[in-house]
>>> print(open('coords_2.pdb').read())   # PDB, C-alpha atoms and all ligand atoms
ATOM      1  CA  MET F   1     -99.083  26.110-221.064
ATOM      2  CA  GLU F   2    -101.160  23.361-219.469
ATOM      3  CA  LYS F   3    -102.743  20.921-221.986
ATOM      4  CA  ARG F   4    -105.649  19.729-219.884
ATOM      5  CA  HIS F   5    -108.600  22.030-220.059
ATOM      6  CA  HIS F   6    -109.847  22.135-216.501
ATOM      7  CA  LYS F   7    -107.351  21.734-213.740
ATOM      8  CA  ARG F   8    -107.694  22.118-210.006
ATOM      9  CA  HIS F   9    -104.918  22.819-207.575
ATOM     10  CA  SER F  10    -103.415  19.345-207.792
ATOM     11  CA  ALA F  11    -101.062  19.812-204.839
ATOM     12  CA  PHE F  12    -104.106  19.998-202.590
ATOM     13  CA  MET F  13    -106.551  17.811-204.398
ATOM     14  CA  GLN F  14    -104.640  14.589-204.980
ATOM     15  CA  TYR F  15    -105.933  12.361-202.240
ATOM     16  CA  ASP F  16    -104.800   8.892-201.411
ATOM     17  CA  LYS F  17    -104.767   6.644-198.377
ATOM     18  CA  SER F  18    -101.172   7.364-197.392
ATOM     19  CA  ARG F  19    -101.817  11.107-197.363
ATOM     20  CA  PHE F  20    -104.672  10.652-194.934
ATOM     21  CA  GLN F  21    -102.445   8.736-192.574
ATOM     22  CA  MET F  22    -100.572  12.022-192.201
ATOM     23  CA  ASN F  23    -103.672  14.158-191.738
ATOM     24  CA  LYS F  24    -102.352  16.421-189.026
ATOM     25  CA  ARG F  25     -99.136  17.234-190.837
ATOM     26  CA  LYS F  26    -101.063  17.826-194.043
ATOM     27  CA  ILE F  27    -103.525  20.167-192.313
ATOM     28  CA  THR F  28    -100.630  22.207-190.902
ATOM     29  CA  THR F  29     -99.190  22.561-194.417
ATOM     30  CA  LEU F  30    -102.597  23.556-195.766
ATOM     31  CA  LEU F  31    -103.103  26.159-193.024
ATOM     32  CA  LYS F  32     -99.782  27.714-194.026
ATOM     33  CA  ALA F  33    -100.872  27.650-197.681
ATOM     34  CA  LEU F  34    -104.158  29.292-196.646
ATOM     35  CA  ASP F  35    -102.277  32.170-194.983
ATOM     36  CA  GLU F  36    -100.203  32.623-198.117
ATOM     37  CA  ALA F  37    -103.329  32.490-200.304
ATOM     38  CA  ILE F  38    -105.040  35.180-198.200
ATOM     39  CA  GLY F  39    -101.949  37.329-198.677
ATOM     40  CA  ILE F  40    -101.950  37.101-202.490
ATOM     41  CA  ASP F  41    -101.685  40.556-204.044
ATOM     42  CA  GLU F  42    -104.734  40.829-206.337
ATOM     43  CA  THR F  43    -103.399  43.952-208.074
ATOM     44  CA  LYS F  44    -100.198  42.138-209.036
ATOM     45  CA  LEU F  45    -102.233  39.138-210.196
ATOM     46  CA  ALA F  46    -104.494  41.414-212.263
ATOM     47  CA  LYS F  47    -101.419  42.956-213.939
ATOM     48  CA  GLU F  48    -100.133  39.482-214.786
ATOM     49  CA  ILE F  49    -103.464  38.575-216.372
ATOM     50  CA  GLU F  50    -103.394  41.853-218.312
ATOM     51  CA  SER F  51     -99.922  41.107-219.672
ATOM     52  CA  ILE F  52    -101.046  37.641-220.837
ATOM     53  CA  GLY F  53    -104.339  38.895-222.293
ATOM     54  CA  PHE F  54    -107.613  37.030-222.551
ATOM     55  CA  LYS F  55    -110.905  37.372-224.362
ATOM     56  CA  CYS F  56    -113.437  34.544-224.345
ATOM     57  CA  ARG F  57    -114.225  33.576-227.979
ATOM     58  CA  ARG F  58    -117.468  31.830-226.940
ATOM     59  CA  CYS F  59    -116.168  28.702-228.723
ATOM     60  CA  ALA F  60    -117.198  26.457-225.785
ATOM     61  CA  HIS F  61    -114.159  24.247-226.492
ATOM     62  CA  CYS F  62    -113.533  24.066-222.740
ATOM     63  CA  CYS F  63    -116.972  22.449-222.252
ATOM     64  CA  ARG F  64    -116.624  19.956-225.115
ATOM     65  CA  ALA F  65    -115.035  16.516-225.074
ATOM     66  CA  GLU F  66    -113.424  16.677-228.505
ATOM     67  CA  TYR F  67    -110.990  19.438-227.463
ATOM     68  CA  GLY F  68    -109.462  17.751-224.414
ATOM     69  CA  ASP F  69    -110.273  16.968-220.824
ATOM     70  CA  ASN F  70    -113.468  18.869-220.030
ATOM     71  CA  THR F  71    -113.842  17.473-216.500
ATOM     72  CA  VAL F  72    -115.272  20.034-214.070
ATOM     73  CA  PHE F  73    -114.619  19.383-210.369
ATOM     74  CA  ILE F  74    -117.215  20.917-208.145
ATOM     75  CA  PHE F  75    -117.538  21.779-204.435
ATOM     76  CA  PRO F  76    -120.532  20.856-202.226
ATOM     77  CA  SER F  77    -121.467  24.559-201.886
ATOM     78  CA  GLU F  78    -121.454  24.918-205.687
ATOM     79  CA  ILE F  79    -123.617  21.808-206.042
ATOM     80  CA  ARG F  80    -126.186  23.349-203.672
ATOM     81  CA  ARG F  81    -126.193  26.635-205.570
ATOM     82  CA  ILE F  82    -126.803  24.904-208.912
ATOM     83  CA  SER F  83    -129.503  22.718-207.344
ATOM     84  CA  GLU F  84    -131.325  25.790-206.013
ATOM     85  CA  LYS F  85    -131.147  27.555-209.394
ATOM     86  CA  THR F  86    -132.082  24.606-211.583
ATOM     87  CA  HIS F  87    -134.248  22.554-209.172
ATOM     88  CA  LEU F  88    -132.200  19.535-210.219
ATOM     89  CA  LEU F  89    -131.224  16.940-207.641
ATOM     90  CA  ARG F  90    -127.511  16.475-206.892
ATOM     91  CA  ASP F  91    -127.269  13.127-208.661
ATOM     92  CA  ASP F  92    -128.963  14.529-211.779
ATOM     93  CA  PHE F  93    -125.930  16.652-212.582
ATOM     94  CA  VAL F  94    -122.905  15.467-210.588
ATOM     95  CA  MET F  95    -121.198  12.134-210.057
ATOM     96  CA  PRO F  96    -118.279  10.891-207.945
ATOM     97  CA  THR F  97    -114.845  11.033-209.555
ATOM     98  CA  PRO F  98    -113.826   7.551-210.722
ATOM     99  CA  SER F  99    -111.647   5.758-208.171
ATOM    100  CA  GLN F 100    -109.914   2.417-207.632
ATOM    101  CA  ASP F 101    -109.911   2.770-203.807
ATOM    102  CA  ARG F 102    -111.942   0.025-202.102
ATOM    103  CA  ASP F 103    -112.706  -0.808-198.474
ATOM    104  CA  SER F 104    -112.770  -4.301-196.946
ATOM    105  CA  LYS F 105    -116.302  -4.912-198.330
ATOM    106  CA  GLY F 106    -115.384  -3.858-201.857
ATOM    107  CA  ASN F 107    -117.140  -0.450-201.701
ATOM    108  CA  ILE F 108    -115.504   2.316-203.716
ATOM    109  CA  HIS F 109    -114.260   5.481-201.985
ATOM    110  CA  THR F 110    -113.569   8.769-203.731
ATOM    111  CA  PHE F 111    -112.917  12.399-202.766
ATOM    112  CA  GLU F 112    -114.462  14.711-205.326
ATOM    113  CA  TRP F 113    -117.561  15.415-207.348
ATOM    114  CA  ILE F 114    -117.541  16.183-211.048
ATOM    115  CA  LEU F 115    -120.219  17.558-213.363
ATOM    116  CA  ARG F 116    -121.929  14.880-215.412
ATOM    117  CA  LYS F 117    -121.096  14.722-219.100
ATOM    118  CA  ASN F 118    -122.623  13.181-222.149
ATOM    119  CA  GLY F 119    -119.219  13.642-223.737
ATOM    120  CA  ASP F 120    -119.762  17.399-223.553
ATOM    121  CA  CYS F 121    -120.853  19.018-220.283
ATOM    122  CA  ILE F 122    -124.555  18.315-219.712
ATOM    123  CA  PHE F 123    -125.194  22.033-219.203
ATOM    124  CA  LEU F 124    -123.884  22.968-222.629
ATOM    125  CA  LYS F 125    -126.940  23.838-224.745
ATOM    126  CA  LYS F 126    -126.582  25.091-228.331
ATOM    127  CA  GLY F 127    -123.041  26.276-227.614
ATOM    128  CA  SER F 128    -123.949  28.198-224.440
ATOM    129  CA  CYS F 129    -123.730  27.386-220.765
ATOM    130  CA  GLY F 130    -127.187  26.643-219.354
ATOM    131  CA  ILE F 131    -126.090  27.624-215.822
ATOM    132  CA  TYR F 132    -123.894  30.568-216.742
ATOM    133  CA  GLU F 133    -124.679  32.690-213.679
ATOM    134  CA  SER F 134    -124.162  29.807-211.242
ATOM    135  CA  ARG F 135    -121.412  27.924-213.088
ATOM    136  CA  PRO F 136    -118.588  26.508-210.946
ATOM    137  CA  TYR F 137    -115.363  28.399-210.114
ATOM    138  CA  ILE F 138    -113.420  26.293-212.600
ATOM    139  CA  CYS F 139    -115.619  27.540-215.442
ATOM    140  CA  LYS F 140    -115.708  31.145-214.209
ATOM    141  CA  THR F 141    -111.926  31.386-214.017
ATOM    142  CA  TYR F 142    -111.023  29.313-217.078
ATOM    143  CA  PRO F 143    -108.353  29.251-218.579
ATOM    144  CA  PHE F 144    -106.542  30.477-215.446
ATOM    145  CA  TYR F 145    -105.863  28.805-212.115
ATOM    146  CA  LEU F 146    -103.408  29.192-209.252
ATOM    147  CA  MET F 147    -100.941  26.552-208.216
ATOM    148  CA  ASP F 148     -98.607  27.115-205.267
ATOM    149  CA  GLY F 149     -99.702  30.745-205.512
ATOM    150  CA  ARG F 150     -98.528  31.052-209.121
ATOM    151  CA  LEU F 151    -100.740  31.883-212.078
ATOM    152  CA  MET F 152    -101.145  28.960-214.476
ATOM    153  CA  ILE F 153    -102.884  28.838-217.862
ATOM    154  CA  SER F 154    -104.739  26.063-219.647
ATOM    155  CA  GLU F 155    -104.985  25.817-223.407
ATOM    156  CA  CYS F 156    -107.564  28.311-224.699
ATOM    157  CA  GLU F 157    -108.509  30.117-227.914
ATOM    158  CA  GLY F 158    -108.952  33.359-225.987
ATOM    159  CA  ILE F 159    -105.401  33.735-224.653
ATOM    160  CA  GLY F 160    -103.754  36.935-225.858
ATOM    161  CA  GLY F 161    -107.064  38.711-226.395
ATOM    162  CA  ASP F 162    -107.959  42.206-225.213
ATOM    163  CA  ILE F 163    -109.069  42.427-221.618
ATOM    164  CA  SER F 164    -110.086  45.543-219.702
ATOM    165  CA  GLU F 165    -108.383  46.559-216.475
ATOM    166  CA  GLU F 166    -111.688  46.074-214.674
ATOM    167  CA  ASP F 167    -112.080  42.501-215.973
ATOM    168  CA  CYS F 168    -108.470  41.698-214.977
ATOM    169  CA  HIS F 169    -109.278  42.766-211.433
ATOM    170  CA  LYS F 170    -112.516  40.761-211.380
ATOM    171  CA  LEU F 171    -110.689  37.676-212.625
ATOM    172  CA  ALA F 172    -107.836  38.141-210.137
ATOM    173  CA  TRP F 173    -110.328  38.465-207.294
ATOM    174  CA  LEU F 174    -112.190  35.324-208.431
ATOM    175  CA  LEU F 175    -108.982  33.315-208.842
ATOM    176  CA  LYS F 176    -107.919  34.220-205.328
ATOM    177  CA  GLU F 177    -111.372  33.384-203.963
ATOM    178  CA  ARG F 178    -111.312  30.021-205.779
ATOM    179  CA  TYR F 179    -107.820  29.206-204.519
ATOM    180  CA  ILE F 180    -108.784  29.986-200.910
ATOM    181  CA  ALA F 181    -111.980  27.918-201.293
ATOM    182  CA  GLU F 182    -109.980  24.955-202.631
ATOM    183  CA  ILE F 183    -107.615  25.026-199.683
ATOM    184  CA  LYS F 184    -110.470  25.370-197.177
ATOM    185  CA  GLU F 185    -112.268  22.440-198.840
ATOM    186  CA  SER F 186    -109.136  20.321-198.510
ATOM    187  CA  ILE F 187    -108.723  21.207-194.831
ATOM    188  CA  ALA F 188    -112.385  20.440-194.038
ATOM    189  CA  LEU F 189    -112.144  17.167-195.943
ATOM    190  CA  LEU F 190    -109.074  16.061-194.029
ATOM    191  CA  GLU F 191    -110.681  17.027-190.715
ATOM    192  CA  LYS F 192    -113.795  14.984-191.511
ATOM    193  CA  PHE F 193    -112.104  11.962-193.071
ATOM    194  CA  ARG F 194    -112.399   8.858-190.875
ATOM    195  CA  GLY F 195    -110.865   6.279-193.182
ATOM    196  CA  PHE F 196    -112.326   3.834-195.673
ATOM    197  CA  ASN F 197    -114.973   2.246-193.450
ATOM    198  CA  PRO F 198    -117.802   0.206-194.985
ATOM    199  CA  THR F 199    -120.552   2.130-193.144
ATOM    200  CA  GLY F 200    -122.758   2.016-196.248
ATOM    201  CA  SER F 201    -122.680   0.234-199.567
ATOM    202  CA  GLY F 202    -121.837   1.220-203.097
ATOM    203  CA  VAL F 203    -119.753   4.348-203.666
ATOM    204  CA  CYS F 204    -118.748   6.714-200.867
ATOM    205  CA  VAL F 205    -117.758  10.297-201.641
ATOM    206  CA  HIS F 206    -115.714  11.910-198.861
ATOM    207  CA  ASP F 207    -115.933  15.684-199.100
ATOM    208  CA  SER F 208    -115.711  18.769-196.893
ATOM    209  CA  GLU F 209    -119.174  17.974-195.475
ATOM    210  CA  GLY F 210    -118.543  14.336-194.605
ATOM    211  CA  GLU F 211    -119.408  10.977-196.196
ATOM    212  CA  HIS F 212    -122.041  10.536-198.908
ATOM    213  CA  TRP F 213    -123.051   7.010-199.911
ATOM    214  CA  ILE F 214    -124.538   6.550-203.358
TER     215      ILE F 214
HETATM  216  S1  LIG F 301    -120.932  24.330-216.464
HETATM  217 FE1  LIG F 301    -121.206  25.690-218.210
HETATM  218  S2  LIG F 301    -119.182  26.674-218.535
HETATM  219 FE2  LIG F 301    -118.866  24.869-217.180
HETATM  220  S3  LIG F 301    -118.301  23.192-218.579
HETATM  221 FE3  LIG F 301    -120.558  23.099-218.299
HETATM  222  S4  LIG F 301    -121.425  24.305-219.994
HETATM  223 FE4  LIG F 301    -119.223  24.820-219.837
END
>>> encode(input="coords_2.pdb", output="structure tokens")
Amino acid sequence: MEKRHHKRHSAFMQYDKSRFQMNKRKITTLLKALDEAIGIDETKLAKEIESIGFKCRRCAHCCRAEYGDNTVFIFPSEIRRISEKTHLLRDDFVMPTPSQDRDSKGNIHTFEWILRKNGDCIFLKKGSCGIYESRPYICKTYPFYLMDGRLMISECEGIGGDISEEDCHKLAWLLKERYIAEIKESIALLEKFRGFNPTGSGVCVHDSEGEHWI
């Protein structure tokens, strides 16, 4: 079982300069992975979830710092949805992932957004999620995720709990949707990436929608 609490599909999401020098080859690999992801059998996945068992204990350990890595990676489309619901501005609730990558002018370049934390997730209020209905995929599908098409599990109090057949199917459907979204994000990012150019100053986040200077 995976120790870290929130984990994305690392095979797709680990970006570095050398990978981008092979953009075309990488995109071809991702397109193949996308085909495989679209072909995932949700019924089989639901049965797997059922055999593992899961019932959320409402402990909020996955949102808290003291129980492990509570980092939540978030897509541009998810940022927009939360912004619309909460009327918060992007930079009020997300920040670029820390990075050591610098361009020739010393600006920092990074490839993902994460939810802000004050130790715990900033949306955790009195033990409940303040954006429950619009929470990111990572939170909706926790403690499960797919890697190379296989079901993976993060550490969680709820593993082994009773889960209805209907909830297994909902979770399987969401996991597949998340996995496809992650691959599509990676493809769009690679297609838009134009290198570490100092076209702004400060920190540059490269994502599926282009460059964002902060
Ligand atoms: S967004 Fe909600 S569910 Fe996700 S880590 Fe924050 S409080 Fe927890």
>>> residues_around(input="coords_2.pdb", residues="Ile131 (chain F)", least_positions_apart="6", cutoff="9 Å", atoms="all atoms listed in the file", output="NGL selection string")
:F and (82 or 85-86 or 123-124)
>>> write_last_selection(input="coords_2.pdb", atoms="C-alpha atoms", output="CSV table (one decimal), in the frame of the given file")
chain,number,residue,atom,x,y,z
F,82,ILE,CA,-126.8,24.9,-208.9
F,85,LYS,CA,-131.1,27.6,-209.4
F,86,THR,CA,-132.1,24.6,-211.6
F,123,PHE,CA,-125.2,22.0,-219.2
F,124,LEU,CA,-123.9,23.0,-222.6
>>> resolve_selection(input="coords_2.pdb", expression="the PyMOL selection byres (((not hetatm)) within 9 of (chain F and resi 301))", output="PyMOL selection string")
chain F and resi 6+60-64+70-72+115-117+120-125+127-132+134-140+142
>>> atom_distance(input="coords_2.pdb", atom1="CA of Thr97 (chain F)", atom2="CA of Phe75 (chain F)")
12.2 Å
>>> closest_residue(input="coords_2.pdb", among="F:Glu209, F:Glu42, F:Glu165, F:Asp148", to="Ile183 (chain F)", atoms="all atoms listed in the file")
F:Asp148
>>> atom_distance(input="coords_2.pdb", atom1="CA of Met152 (chain F)", atom2="CA of Lys126 (chain F)")
29.2 Å
>>> resolve_selection(input="coords_2.pdb", expression="the PyMOL selection byres (((chain F and resi 40) around 12) and not hetatm)", output="list in words")
Ala33, Leu34, Asp35, Glu36, Ala37, Ile38, Gly39, Asp41, Glu42, Thr43, Lys44, Leu45, Ala46, Leu146, Asp148, Gly149, Arg150, Leu151, Ala172, Trp173, Leu174, Leu175, Lys176, Glu177, Tyr179 and Ile180 of chain F
>>> atom_distance(input="coords_2.pdb", atom1="CA of Asn118 (chain F)", atom2="CA of Asp69 (chain F)")
13.0 Å
>>> resolve_selection(input="coords_2.pdb", expression="the PyMOL selection byres (((chain F and resi 156) around 9) and not hetatm)", output="number ranges by chain")
F: 5, 54, 56, 61-62, 142-143, 153-155, 157-159
>>> closest_residue(input="coords_2.pdb", among="F:Leu171, F:Leu30, F:Leu89, F:Val94", to="Leu190 (chain F)", atoms="all atoms listed in the file")
F:Leu30
>>> residues_near_point(input="coords_2.pdb", point="(-114.1, -5.2, -197.4)", cutoff="12 Å", atoms="only C-alpha atoms", output="VMD selection string")
chain F and resid 101 to 109 196 to 202
>>> residues_around(input="coords_2.pdb", residues="Glu112 (chain F)", least_positions_apart="3", cutoff="8 Å", atoms="only C-alpha atoms", output="PyMOL selection string")
chain F and resi 73-75+96-97+205-207
